[in-house]
file data.csv (CSV, C-alpha atoms)
chain,number,residue,atom,x,y,z
Z,1,MET,CA,140.1,137.1,126.6
Z,2,GLU,CA,139.8,139.4,123.7
Z,3,GLY,CA,140.1,136.6,121.3
Z,4,LYS,CA,137.4,134.7,123.0
Z,5,ASP,CA,135.0,137.6,122.7
Z,6,GLU,CA,135.6,137.8,119.0
Z,7,CYS,CA,134.5,134.2,118.6
Z,8,LEU,CA,131.3,134.8,120.5
Z,9,VAL,CA,130.3,137.9,118.6
Z,10,SER,CA,130.2,136.6,115.0
Z,11,SER,CA,130.7,139.1,112.3
Z,12,PRO,CA,128.4,139.0,109.2
Z,13,ILE,CA,131.3,137.6,107.2
Z,14,MET,CA,131.8,134.7,109.7
Z,15,ILE,CA,128.0,133.9,109.6
Z,16,GLN,CA,128.3,133.8,105.8
Z,17,GLU,CA,131.3,131.5,106.0
Z,18,ASN,CA,129.5,129.2,108.5
Z,19,LYS,CA,126.4,129.1,106.2
Z,20,LYS,CA,128.6,128.0,103.3
Z,21,THR,CA,130.3,125.3,105.4
Z,22,LYS,CA,127.0,123.9,106.5
Z,23,LEU,CA,125.5,123.9,103.0
Z,24,ALA,CA,128.6,122.1,101.7
Z,25,ALA,CA,128.4,119.5,104.5
Z,26,GLY,CA,124.8,118.9,103.6
Z,27,LEU,CA,125.6,118.4,100.0
Z,28,ARG,CA,128.4,115.9,100.8
Z,29,ALA,CA,126.1,114.0,103.1
Z,30,GLY,CA,123.4,113.9,100.4
Z,31,ILE,CA,125.6,112.3,97.7
Z,32,PRO,CA,124.9,108.6,98.7
Z,33,ILE,CA,121.2,109.4,98.8
Z,34,ALA,CA,121.3,111.0,95.3
Z,35,VAL,CA,123.2,108.0,94.0
Z,36,GLY,CA,120.5,105.7,95.4
Z,37,TYR,CA,117.6,107.9,94.3
Z,38,ILE,CA,118.4,108.4,90.6
Z,39,PRO,CA,118.0,104.7,89.5
Z,40,ILE,CA,114.8,104.4,91.6
Z,41,ALA,CA,113.4,107.6,90.1
Z,42,ILE,CA,114.3,106.4,86.6
Z,43,ALA,CA,112.3,103.2,87.4
Z,44,PHE,CA,109.4,105.4,88.5
Z,45,GLY,CA,109.6,107.4,85.3
Z,46,LEU,CA,109.6,104.2,83.2
Z,47,LEU,CA,106.7,102.7,85.1
Z,48,ALA,CA,104.6,105.8,85.0
Z,49,LYS,CA,105.2,106.0,81.3
Z,50,SER,CA,104.2,102.3,80.9
Z,51,THR,CA,100.8,102.9,82.5
Z,52,GLY,CA,100.0,105.7,80.1
Z,53,ILE,CA,100.0,108.5,82.6
Z,54,PRO,CA,100.9,111.8,80.9
Z,55,ASN,CA,104.5,113.0,81.3
Z,56,TYR,CA,103.5,116.3,83.1
Z,57,ILE,CA,101.6,114.2,85.7
Z,58,SER,CA,104.6,112.0,86.4
Z,59,ILE,CA,106.8,115.1,86.7
Z,60,MET,CA,104.3,116.8,89.0
Z,61,MET,CA,104.2,113.7,91.2
Z,62,SER,CA,108.0,113.9,91.8
Z,63,VAL,CA,107.9,117.7,92.3
Z,64,PHE,CA,104.8,117.9,94.6
Z,65,ILE,CA,104.7,114.5,96.4
Z,66,PHE,CA,108.4,113.5,96.5
Z,67,ALA,CA,107.8,110.2,98.3
Z,68,GLY,CA,109.0,107.0,96.5
Z,69,ALA,CA,106.6,104.3,97.8
Z,70,SER,CA,103.5,106.5,97.6
Z,71,GLN,CA,104.3,107.7,94.0
Z,72,PHE,CA,104.6,104.0,92.9
Z,73,VAL,CA,101.4,103.1,94.7
Z,74,GLY,CA,99.7,106.2,93.3
Z,75,VAL,CA,100.6,105.3,89.8
Z,76,ASN,CA,99.4,101.8,90.4
Z,77,LEU,CA,96.1,103.0,91.9
Z,78,ILE,CA,95.6,105.5,89.1
Z,79,ALA,CA,96.1,102.7,86.6
Z,80,LEU,CA,93.7,100.5,88.4
Z,81,GLY,CA,91.1,103.3,88.3
Z,82,ALA,CA,90.8,103.8,92.0
Z,83,GLY,CA,88.8,106.8,93.3
Z,84,PHE,CA,90.5,110.1,94.3
Z,85,SER,CA,89.5,109.8,98.0
Z,86,GLU,CA,91.1,106.3,98.2
Z,87,ILE,CA,94.3,107.4,96.5
Z,88,ILE,CA,94.6,110.5,98.7
Z,89,PHE,CA,93.9,108.5,101.9
Z,90,THR,CA,96.3,105.7,100.9
Z,91,THR,CA,99.0,108.4,100.3
Z,92,PHE,CA,98.3,109.9,103.7
Z,93,ILE,CA,98.4,106.6,105.5
Z,94,LEU,CA,101.6,105.6,103.7
Z,95,ASN,CA,103.4,108.8,104.6
Z,96,LEU,CA,102.1,109.3,108.1
Z,97,ARG,CA,105.4,107.9,109.3
Z,98,HIS,CA,107.1,111.1,108.3
Z,99,PHE,CA,105.2,112.8,111.1
Z,100,LEU,CA,107.2,110.7,113.5
Z,101,MET,CA,110.4,111.4,111.7
Z,102,SER,CA,109.7,115.1,111.6
Z,103,ALA,CA,108.9,115.1,115.3
Z,104,SER,CA,112.1,113.2,116.1
Z,105,LEU,CA,114.2,115.5,113.9
Z,106,TYR,CA,112.7,118.5,115.5
Z,107,GLN,CA,114.6,117.7,118.7
Z,108,ARG,CA,117.9,117.8,116.8
Z,109,VAL,CA,117.4,121.0,114.8
Z,110,ASP,CA,119.4,124.1,115.8
Z,111,LEU,CA,117.1,126.5,117.6
Z,112,GLU,CA,118.4,129.3,115.5
Z,113,ALA,CA,117.0,127.7,112.3
Z,114,SER,CA,114.4,130.1,111.0
Z,115,LYS,CA,110.8,129.2,110.3
Z,116,VAL,CA,111.3,129.7,106.6
Z,117,LEU,CA,114.2,127.2,106.6
Z,118,ARG,CA,112.1,124.7,108.6
Z,119,ILE,CA,109.2,125.1,106.1
Z,120,LEU,CA,111.7,124.4,103.2
Z,121,PHE,CA,113.7,121.5,104.5
Z,122,SER,CA,110.8,119.7,106.0
Z,123,TYR,CA,109.5,119.3,102.5
Z,124,GLY,CA,112.4,116.9,101.9
Z,125,ILE,CA,112.0,114.7,104.9
Z,126,THR,CA,112.2,111.1,103.6
Z,127,ASP,CA,113.2,107.7,105.1
Z,128,GLU,CA,116.7,108.3,103.7
Z,129,THR,CA,117.3,111.9,104.5
Z,130,PHE,CA,115.9,111.4,108.0
Z,131,SER,CA,118.2,108.4,108.5
Z,132,VAL,CA,121.3,110.3,107.3
Z,133,ALA,CA,120.5,113.4,109.3
Z,134,SER,CA,119.6,111.4,112.5
Z,135,LEU,CA,122.9,109.5,112.4
Z,136,ARG,CA,125.1,112.6,112.3
Z,137,SER,CA,127.5,112.9,115.2
Z,138,GLU,CA,126.8,116.6,116.0
Z,139,SER,CA,124.1,117.1,118.6
Z,140,LYS,CA,122.5,120.0,116.9
Z,141,LEU,CA,121.8,120.1,113.1
Z,142,SER,CA,122.0,123.4,111.2
Z,143,GLY,CA,119.0,124.4,109.1
Z,144,TYR,CA,121.3,125.0,106.2
Z,145,PHE,CA,122.8,121.5,106.5
Z,146,LEU,CA,119.3,120.0,106.3
Z,147,LEU,CA,118.3,122.3,103.4
Z,148,ALA,CA,121.3,121.2,101.3
Z,149,LEU,CA,120.9,117.5,102.3
Z,150,ASN,CA,117.1,117.4,101.5
Z,151,GLY,CA,117.4,119.7,98.5
Z,152,LEU,CA,120.0,117.4,96.8
Z,153,ALA,CA,117.8,114.4,97.4
Z,154,PHE,CA,114.8,116.3,95.9
Z,155,LEU,CA,116.9,117.4,92.9
Z,156,SER,CA,118.2,113.9,92.2
Z,157,TRP,CA,114.7,112.4,92.5
Z,158,ASN,CA,113.4,114.8,89.9
Z,159,ILE,CA,116.3,114.5,87.5
Z,160,GLY,CA,115.9,110.7,87.6
Z,161,THR,CA,112.1,110.9,87.0
Z,162,ILE,CA,112.7,113.0,83.8
Z,163,ILE,CA,115.4,110.6,82.6
Z,164,GLY,CA,113.1,107.6,83.1
Z,165,ILE,CA,110.2,109.2,81.2
Z,166,PHE,CA,112.4,109.9,78.2
Z,167,LEU,CA,114.2,106.5,78.3
Z,168,ALA,CA,110.7,104.9,78.2
Z,169,GLN,CA,109.9,106.5,74.9
Z,170,GLY,CA,112.6,104.5,73.2
Z,171,LEU,CA,111.6,101.1,74.6
Z,172,PRO,CA,109.4,98.6,72.7
Z,173,THR,CA,105.8,98.1,73.9
Z,174,SER,CA,106.5,94.4,74.8
Z,175,LEU,CA,109.2,95.3,77.2
Z,176,LYS,CA,107.1,98.1,78.8
Z,177,SER,CA,104.1,95.8,79.3
Z,178,SER,CA,106.3,93.1,81.0
Z,179,MET,CA,107.5,95.7,83.5
Z,180,GLY,CA,104.4,95.3,85.7
Z,181,ILE,CA,106.6,93.2,88.0
Z,182,ALA,CA,109.1,96.0,88.5
Z,183,LEU,CA,107.0,97.8,91.1
Z,184,TYR,CA,106.5,94.6,93.1
Z,185,ALA,CA,110.2,93.7,92.8
Z,186,MET,CA,111.0,97.1,94.3
Z,187,PHE,CA,108.6,96.5,97.2
Z,188,ILE,CA,110.2,93.1,97.7
Z,189,ALA,CA,113.7,94.6,97.7
Z,190,LEU,CA,112.6,97.2,100.3
Z,191,LEU,CA,110.8,94.6,102.6
Z,192,VAL,CA,112.9,91.4,102.5
Z,193,PRO,CA,116.1,92.8,104.2
Z,194,SER,CA,113.9,94.1,107.1
Z,195,LEU,CA,112.2,90.7,107.5
Z,196,GLY,CA,115.5,89.2,108.6
Z,197,LYS,CA,116.1,92.0,111.2
Z,198,SER,CA,113.2,91.2,113.4
Z,199,LYS,CA,110.4,88.7,114.0
Z,200,GLU,CA,108.0,91.5,114.7
Z,201,ILE,CA,108.4,93.0,111.3
Z,202,MET,CA,107.9,89.6,109.8
Z,203,VAL,CA,104.7,89.0,111.7
Z,204,VAL,CA,103.3,92.5,110.9
Z,205,SER,CA,104.1,92.1,107.1
Z,206,LEU,CA,102.6,88.6,106.9
Z,207,THR,CA,99.5,89.7,108.8
Z,208,ALA,CA,99.0,92.6,106.3
Z,209,ALA,CA,99.5,90.3,103.4
Z,210,SER,CA,97.1,87.7,104.8
Z,211,VAL,CA,94.4,90.2,105.7
Z,212,HIS,CA,94.7,91.6,102.2
Z,213,GLY,CA,94.4,88.1,100.8
Z,214,ILE,CA,91.2,87.5,102.8
Z,215,LEU,CA,89.7,90.8,101.6
Z,216,HIS,CA,90.7,90.0,98.0
Z,217,TRP,CA,89.3,86.4,97.8
Z,218,VAL,CA,86.5,86.1,100.4
Z,219,PRO,CA,83.3,86.9,98.4
Z,220,LEU,CA,81.8,88.9,101.3
Z,221,PHE,CA,84.4,91.7,100.6
Z,222,LYS,CA,83.9,91.7,96.8
Z,223,GLY,CA,82.7,95.3,96.8
Z,224,LEU,CA,85.8,96.6,98.6
Z,225,SER,CA,88.2,98.5,96.3
Z,226,THR,CA,91.9,97.8,96.2
Z,227,GLY,CA,92.7,101.2,97.7
Z,228,TRP,CA,90.6,100.6,100.8
Z,229,ALA,CA,91.7,97.0,101.1
Z,230,ILE,CA,95.3,98.2,101.4
Z,231,ILE,CA,94.4,100.8,104.0
Z,232,ILE,CA,92.4,98.3,106.1
Z,233,SER,CA,95.1,95.6,105.9
Z,234,THR,CA,97.9,98.1,106.8
Z,235,VAL,CA,96.1,99.6,109.8
Z,236,MET,CA,95.0,96.2,111.1
Z,237,ALA,CA,98.5,94.7,110.8
Z,238,ALA,CA,100.2,97.8,112.4
Z,239,LEU,CA,97.6,97.6,115.3
Z,240,VAL,CA,98.4,93.9,115.8
Z,241,GLY,CA,102.1,94.7,115.9
Z,242,SER,CA,101.7,97.6,118.4
Z,243,PHE,CA,99.4,95.5,120.6
Z,244,PHE,CA,101.6,92.4,120.8
Z,245,PHE,CA,105.1,93.8,120.5
Z,246,LYS,CA,106.1,96.2,123.2
Z,247,SER,CA,109.6,97.0,122.0
Z,248,GLU,CA,109.9,100.0,119.7
Z,249,VAL,CA,110.6,99.6,116.0
Z,250,LYS,CA,113.6,101.6,114.9
Z,251,ASP,CA,114.5,102.6,111.4
Z,252,ALA,CA,110.9,102.6,110.3
L,1,MET,CA,92.3,106.5,81.5
L,2,LYS,CA,90.6,109.8,82.3
L,3,THR,CA,93.3,112.3,83.0
L,4,ASP,CA,91.4,115.6,83.1
L,5,TYR,CA,91.6,116.1,86.9
L,6,LEU,CA,94.8,114.1,87.6
L,7,TRP,CA,96.7,117.3,88.4
L,8,LEU,CA,94.2,118.1,91.1
L,9,LEU,CA,94.7,114.6,92.6
L,10,ILE,CA,98.5,115.1,92.5
L,11,LEU,CA,98.2,118.4,94.4
L,12,GLY,CA,96.0,116.6,97.0
L,13,MET,CA,98.5,113.8,97.4
L,14,GLY,CA,101.2,116.4,97.7
L,15,LEU,CA,99.4,118.2,100.5
L,16,VAL,CA,98.7,115.1,102.6
L,17,THR,CA,102.4,114.1,102.2
L,18,TYR,CA,103.7,117.5,103.1
L,19,LEU,CA,101.6,118.2,106.2
L,20,PRO,CA,102.9,115.3,108.3
L,21,ARG,CA,106.5,116.4,107.4
L,22,LEU,CA,105.8,120.1,108.1
L,23,LEU,CA,103.6,120.2,111.2
L,24,PRO,CA,105.8,118.6,113.8
L,25,MET,CA,108.8,120.7,112.6
L,26,VAL,CA,107.0,124.1,113.0
L,27,LEU,CA,104.5,123.4,115.8
L,28,LEU,CA,106.1,120.9,118.2
L,29,GLN,CA,107.3,122.2,121.6
L,30,ASN,CA,109.1,119.1,122.9
L,31,ILE,CA,106.0,116.9,123.1
L,32,LYS,CA,106.7,113.2,123.6
L,33,LEU,CA,104.6,110.9,121.4
L,34,ASN,CA,102.6,108.3,123.2
L,35,PRO,CA,104.5,105.0,122.9
L,36,PHE,CA,101.6,103.1,121.4
L,37,LEU,CA,101.3,105.6,118.6
L,38,ASN,CA,105.0,105.5,118.2
L,39,ARG,CA,105.0,101.7,117.7
L,40,PHE,CA,101.9,101.9,115.4
L,41,LEU,CA,103.6,104.5,113.2
L,42,GLY,CA,106.8,102.5,113.2
L,43,PHE,CA,105.0,99.3,111.9
L,44,ILE,CA,103.1,101.2,109.1
L,45,PRO,CA,105.8,100.9,106.4
L,46,PHE,CA,106.2,97.1,106.9
L,47,ALA,CA,102.5,96.5,107.1
L,48,ALA,CA,101.9,98.6,104.0
L,49,LEU,CA,104.6,96.7,102.0
L,50,GLY,CA,103.1,93.4,103.0
L,51,ALA,CA,99.6,94.5,101.9
L,52,LEU,CA,101.0,96.0,98.7
L,53,ILE,CA,103.0,93.0,97.6
L,54,PHE,CA,100.3,90.4,98.2
L,55,PRO,CA,98.1,89.5,96.4
L,56,GLY,CA,98.7,92.3,93.9
L,57,VAL,CA,101.9,90.7,92.6
L,58,LEU,CA,100.0,87.7,91.3
L,59,ASP,CA,98.2,89.9,88.7
L,60,SER,CA,101.2,92.0,87.8
L,61,THR,CA,102.1,90.4,84.5
L,62,GLY,CA,98.7,90.0,83.0
L,63,ASP,CA,99.1,86.2,82.9
L,64,SER,CA,96.0,84.4,84.2
L,65,SER,CA,97.9,81.5,85.8
L,66,SER,CA,100.2,84.0,87.7
L,67,SER,CA,103.1,81.6,87.0
L,68,SER,CA,105.3,84.2,85.3
L,69,ALA,CA,104.6,86.7,88.2
L,70,ILE,CA,105.5,84.1,90.8
L,71,ALA,CA,108.8,83.3,88.9
L,72,GLY,CA,109.7,87.0,88.8
L,73,ALA,CA,108.8,87.5,92.4
L,74,LEU,CA,110.9,84.5,93.5
L,75,VAL,CA,113.9,85.8,91.6
L,76,SER,CA,113.4,89.2,93.4
L,77,VAL,CA,113.1,87.5,96.8
L,78,VAL,CA,116.3,85.5,96.3
L,79,LEU,CA,118.2,88.6,95.1
L,80,SER,CA,116.9,90.7,98.0
L,81,ILE,CA,118.0,88.0,100.6
L,82,PHE,CA,121.5,88.6,99.3
L,83,ARG,CA,121.0,92.4,99.7
L,84,ILE,CA,121.7,93.1,96.0
L,85,ASN,CA,121.2,96.7,95.0
L,86,ILE,CA,117.5,97.5,94.5
L,87,MET,CA,117.9,98.3,90.8
L,88,PHE,CA,119.3,94.8,90.1
L,89,VAL,CA,116.5,93.2,92.2
L,90,VAL,CA,114.1,95.1,89.9
L,91,MET,CA,116.0,94.0,86.7
L,92,GLY,CA,116.2,90.4,88.0
L,93,GLY,CA,112.5,90.3,88.6
L,94,ILE,CA,111.8,91.6,85.0
L,95,LEU,CA,114.3,89.0,83.7
L,96,GLY,CA,112.6,86.2,85.7
L,97,VAL,CA,109.3,87.0,84.0
L,98,PHE,CA,110.9,87.1,80.6
L,99,LEU,CA,112.7,83.8,81.0
L,100,TRP,CA,109.6,82.1,82.4
L,101,GLY,CA,107.7,83.2,79.3
L,102,PHE,CA,110.5,82.0,77.1
L,103,LEU,CA,110.8,78.6,78.8
L,104,THR,CA,107.0,77.9,78.8
L,105,VAL,CA,106.3,78.8,75.2
call {"tool": "encode", "arguments": {"input": "data.csv", "output": "structure tokens"}}
result
Amino acid sequence: MEGKDECLVSSPIMIQENKKTKLAAGLRAGIPIAVGYIPIAIAFGLLAKSTGIPNYISIMMSVFIFAGASQFVGVNLIALGAGFSEIIFTTFILNLRHFLMSASLYQRVDLEASKVLRILFSYGITDETFSVASLRSESKLSGYFLLALNGLAFLSWNIGTIIGIFLAQGLPTSLKSSMGIALYAMFIALLVPSLGKSKEIMVVSLTAASVHGILHWVPLFKGLSTGWAIIISTVMAALVGSFFFKSEVKDA
Amino acid sequence: MKTDYLWLLILGMGLVTYLPRLLPMVLLQNIKLNPFLNRFLGFIPFAALGALIFPGVLDSTGDSSSSSAIAGALVSVVLSIFRINIMFVVMGGILGVFLWGFLTV
């Protein structure tokens, strides 16, 4: 009985040890994400550089936004000369899915995790960190585990961005200008594997592309900017999907 | 490109990205999301990708016939079907544009 009591009443040293274990587990779980993030962030740094955006702006994007797709889209829209309100609204729409992930992750977080920890690790909720955290076998996730997992992802993304910017300075202009396709190739690489997974995803993506095509080519919509055309196409296609398909989409 | 206020834009983008990540985590008290909203949010990434790729990809290489862009996009699609690492898909797309330019000169 005495031994059991000792386990229940944790000493400060034991709490310290536990914290270290959780941080280490988070770092280990984050390694595959870091390996995946660095090359994409390098591509981001290269692309941002090729559009003529100042270095400090590209670095600020990775520090303050830390969301792959919307950073690529942001660079694209800035280069196209889109207005501030469109860019901010597009970013908001693109990242609204994190609301859902945060809500879902909330159910799994250890109740003991402090508010400060929650404020910190929620900064690093991405498609990848969310997926890794959600698929953990333990029923409750420690705040320190999430802090280390999301923190490592954040760090690798920023290191990659800086590497990309400096790699770009050594590249010839002809190569930089032909990299316009890179952004789209990345979107294709993100989307195509999901198309095979479900008919619903296929219908929704094709609807969005078709609506955008109509907005782009039909003269009536000539005045509509690219930023808003993307928002309208995205919302319409997602509405079509949610009206016609009743099953829930996982891994969004 | 006018870059004077870009830093302000980045902070705005950062704020609208952080709020959806933060608010449920600090404010939720076991609220269940409406299933319709759930599905709607779940479809957003796929809808956005569709709208982002097409028709924007056609103008991505600055070639008025779009043929080099189509060549690059096709290479990327084929590589993605085989689930090649994303970085190689990107490199394959760039290479596709290069080779098309080389073949059609």
call {"tool": "closest_residue", "arguments": {"input": "data.csv", "among": "Z:Val235, Z:Ile163, Z:Glu128, Z:Val63", "to": "Z:Ala41", "atoms": "only C-alpha atoms"}}
result
Z:Ile163
call {"tool": "closest_residue", "arguments": {"input": "data.csv", "among": "L:Tyr5, L:Trp100, L:Phe40, L:Phe88", "to": "chain Z", "atoms": "all atoms listed in the file"}}
result
L:Phe40
call {"tool": "residues_around", "arguments": {"input": "data.csv", "residues": "Z:Leu105", "least_positions_apart": "2", "cutoff": "9 Å", "atoms": "all atoms listed in the file", "output": "list in words"}}
result
Leu100, Met101, Ser102, Ala103, Gln107, Arg108, Val109, Phe130, Ala133, Ser134 and Leu141 of chain Z; Pro24 and Met25 of chain L
call {"tool": "interface_residues", "arguments": {"input": "data.csv", "of": "chain L", "to": "chain Z", "cutoff": "7 Å", "atoms": "all atoms listed in the file", "output": "VMD selection string"}}
result
chain L and resid 7 9 to 14 16 to 18 20 to 22 24 to 26 36 39 to 55 57 60 to 61 69 72 to 73 76 to 77 80 to 81 83 86 to 87 89 to 90 93 to 94
call {"tool": "write_last_selection", "arguments": {"input": "data.csv", "atoms": "C-alpha atoms", "output": "mmCIF file, in the frame of the given file"}}
result
data_model
loop_
_atom_site.group_PDB
_atom_site.id
_atom_site.type_symbol
_atom_site.label_atom_id
_atom_site.label_comp_id
_atom_site.auth_asym_id
_atom_site.auth_seq_id
_atom_site.Cartn_x
_atom_site.Cartn_y
_atom_site.Cartn_z
ATOM 1 C CA TRP L 7 96.700 117.300 88.400
ATOM 2 C CA LEU L 9 94.700 114.600 92.600
ATOM 3 C CA ILE L 10 98.500 115.100 92.500
ATOM 4 C CA LEU L 11 98.200 118.400 94.400
ATOM 5 C CA GLY L 12 96.000 116.600 97.000
ATOM 6 C CA MET L 13 98.500 113.800 97.400
ATOM 7 C CA GLY L 14 101.200 116.400 97.700
ATOM 8 C CA VAL L 16 98.700 115.100 102.600
ATOM 9 C CA THR L 17 102.400 114.100 102.200
ATOM 10 C CA TYR L 18 103.700 117.500 103.100
ATOM 11 C CA PRO L 20 102.900 115.300 108.300
ATOM 12 C CA ARG L 21 106.500 116.400 107.400
ATOM 13 C CA LEU L 22 105.800 120.100 108.100
ATOM 14 C CA PRO L 24 105.800 118.600 113.800
ATOM 15 C CA MET L 25 108.800 120.700 112.600
ATOM 16 C CA VAL L 26 107.000 124.100 113.000
ATOM 17 C CA PHE L 36 101.600 103.100 121.400
ATOM 18 C CA ARG L 39 105.000 101.700 117.700
ATOM 19 C CA PHE L 40 101.900 101.900 115.400
ATOM 20 C CA LEU L 41 103.600 104.500 113.200
ATOM 21 C CA GLY L 42 106.800 102.500 113.200
ATOM 22 C CA PHE L 43 105.000 99.300 111.900
ATOM 23 C CA ILE L 44 103.100 101.200 109.100
ATOM 24 C CA PRO L 45 105.800 100.900 106.400
ATOM 25 C CA PHE L 46 106.200 97.100 106.900
ATOM 26 C CA ALA L 47 102.500 96.500 107.100
ATOM 27 C CA ALA L 48 101.900 98.600 104.000
ATOM 28 C CA LEU L 49 104.600 96.700 102.000
ATOM 29 C CA GLY L 50 103.100 93.400 103.000
ATOM 30 C CA ALA L 51 99.600 94.500 101.900
ATOM 31 C CA LEU L 52 101.000 96.000 98.700
ATOM 32 C CA ILE L 53 103.000 93.000 97.600
ATOM 33 C CA PHE L 54 100.300 90.400 98.200
ATOM 34 C CA PRO L 55 98.100 89.500 96.400
ATOM 35 C CA VAL L 57 101.900 90.700 92.600
ATOM 36 C CA SER L 60 101.200 92.000 87.800
ATOM 37 C CA THR L 61 102.100 90.400 84.500
ATOM 38 C CA ALA L 69 104.600 86.700 88.200
ATOM 39 C CA GLY L 72 109.700 87.000 88.800
ATOM 40 C CA ALA L 73 108.800 87.500 92.400
ATOM 41 C CA SER L 76 113.400 89.200 93.400
ATOM 42 C CA VAL L 77 113.100 87.500 96.800
ATOM 43 C CA SER L 80 116.900 90.700 98.000
ATOM 44 C CA ILE L 81 118.000 88.000 100.600
ATOM 45 C CA ARG L 83 121.000 92.400 99.700
ATOM 46 C CA ILE L 86 117.500 97.500 94.500
ATOM 47 C CA MET L 87 117.900 98.300 90.800
ATOM 48 C CA VAL L 89 116.500 93.200 92.200
ATOM 49 C CA VAL L 90 114.100 95.100 89.900
ATOM 50 C CA GLY L 93 112.500 90.300 88.600
ATOM 51 C CA ILE L 94 111.800 91.600 85.000
#
call {"tool": "residues_around", "arguments": {"input": "data.csv", "residues": "Z:Gly45", "least_positions_apart": "5", "cutoff": "7 Å", "atoms": "all atoms listed in the file", "output": "VMD selection string"}}
result
chain Z and resid 58 161 to 162 164 to 165
call {"tool": "atom_distance", "arguments": {"input": "data.csv", "atom1": "atom CA of Z:Asn55", "atom2": "atom CA of Z:Phe166"}}
result
9.0 Å
call {"tool": "atom_distance", "arguments": {"input": "data.csv", "atom1": "atom CA of Z:Lys140", "atom2": "atom CA of Z:Ile13"}}
result
21.9 Å
call {"tool": "closest_residue", "arguments": {"input": "data.csv", "among": "Z:Leu27, Z:Ala48, Z:Met14, Z:Leu149", "to": "Z:Leu167", "atoms": "all atoms listed in the file"}}
result
Z:Ala48
call {"tool": "closest_residue", "arguments": {"input": "data.csv", "among": "Z:Pro12, Z:Phe44, Z:Thr21, Z:Pro32", "to": "Z:Gly160", "atoms": "all atoms listed in the file"}}
result
Z:Phe44
call {"tool": "decode", "arguments": {"input": "data.csv", "residues": "stretch 14-25 of chain L", "atoms": "N, CA and C atoms", "output": "mmCIF file, in the first residue's frame"}}
result
data_model
loop_
_atom_site.group_PDB
_atom_site.id
_atom_site.type_symbol
_atom_site.label_atom_id
_atom_site.label_comp_id
_atom_site.auth_asym_id
_atom_site.auth_seq_id
_atom_site.Cartn_x
_atom_site.Cartn_y
_atom_site.Cartn_z
ATOM 1 N N GLY L 14 -1.183 35.729 -40.542
ATOM 2 C CA GLY L 14 -0.806 34.946 -39.361
ATOM 3 C C GLY L 14 -1.941 34.896 -38.347
ATOM 4 N N LEU L 15 -2.581 36.035 -38.127
ATOM 5 C CA LEU L 15 -3.671 36.105 -37.152
ATOM 6 C C LEU L 15 -4.850 35.217 -37.559
ATOM 7 N N VAL L 16 -5.264 35.314 -38.852
ATOM 8 C CA VAL L 16 -6.417 34.502 -39.271
ATOM 9 C C VAL L 16 -6.073 33.016 -39.383
ATOM 10 N N THR L 17 -4.772 32.692 -39.395
ATOM 11 C CA THR L 17 -4.373 31.284 -39.378
ATOM 12 C C THR L 17 -4.337 30.762 -37.942
ATOM 13 N N TYR L 18 -3.864 31.620 -37.033
ATOM 14 C CA TYR L 18 -3.712 31.186 -35.639
ATOM 15 C C TYR L 18 -5.059 31.043 -34.928
ATOM 16 N N LEU L 19 -5.979 31.984 -35.149
ATOM 17 C CA LEU L 19 -7.244 31.945 -34.410
ATOM 18 C C LEU L 19 -8.007 30.621 -34.530
ATOM 19 N N PRO L 20 -8.180 30.062 -35.755
ATOM 20 C CA PRO L 20 -8.883 28.773 -35.814
ATOM 21 C C PRO L 20 -8.122 27.633 -35.131
ATOM 22 N N ARG L 21 -6.796 27.761 -35.022
ATOM 23 C CA ARG L 21 -6.011 26.737 -34.323
ATOM 24 C C ARG L 21 -6.163 26.887 -32.823
ATOM 25 N N LEU L 22 -6.237 28.138 -32.371
ATOM 26 C CA LEU L 22 -6.199 28.440 -30.935
ATOM 27 C C LEU L 22 -7.563 28.313 -30.255
ATOM 28 N N LEU L 23 -8.598 28.925 -30.876
ATOM 29 C CA LEU L 23 -9.870 29.094 -30.168
ATOM 30 C C LEU L 23 -10.505 27.793 -29.678
ATOM 31 N N PRO L 24 -10.607 26.744 -30.526
ATOM 32 C CA PRO L 24 -11.214 25.523 -29.982
ATOM 33 C C PRO L 24 -10.409 24.963 -28.808
ATOM 34 N N MET L 25 -9.082 25.060 -28.909
ATOM 35 C CA MET L 25 -8.222 24.468 -27.884
ATOM 36 C C MET L 25 -8.379 25.156 -26.532
#
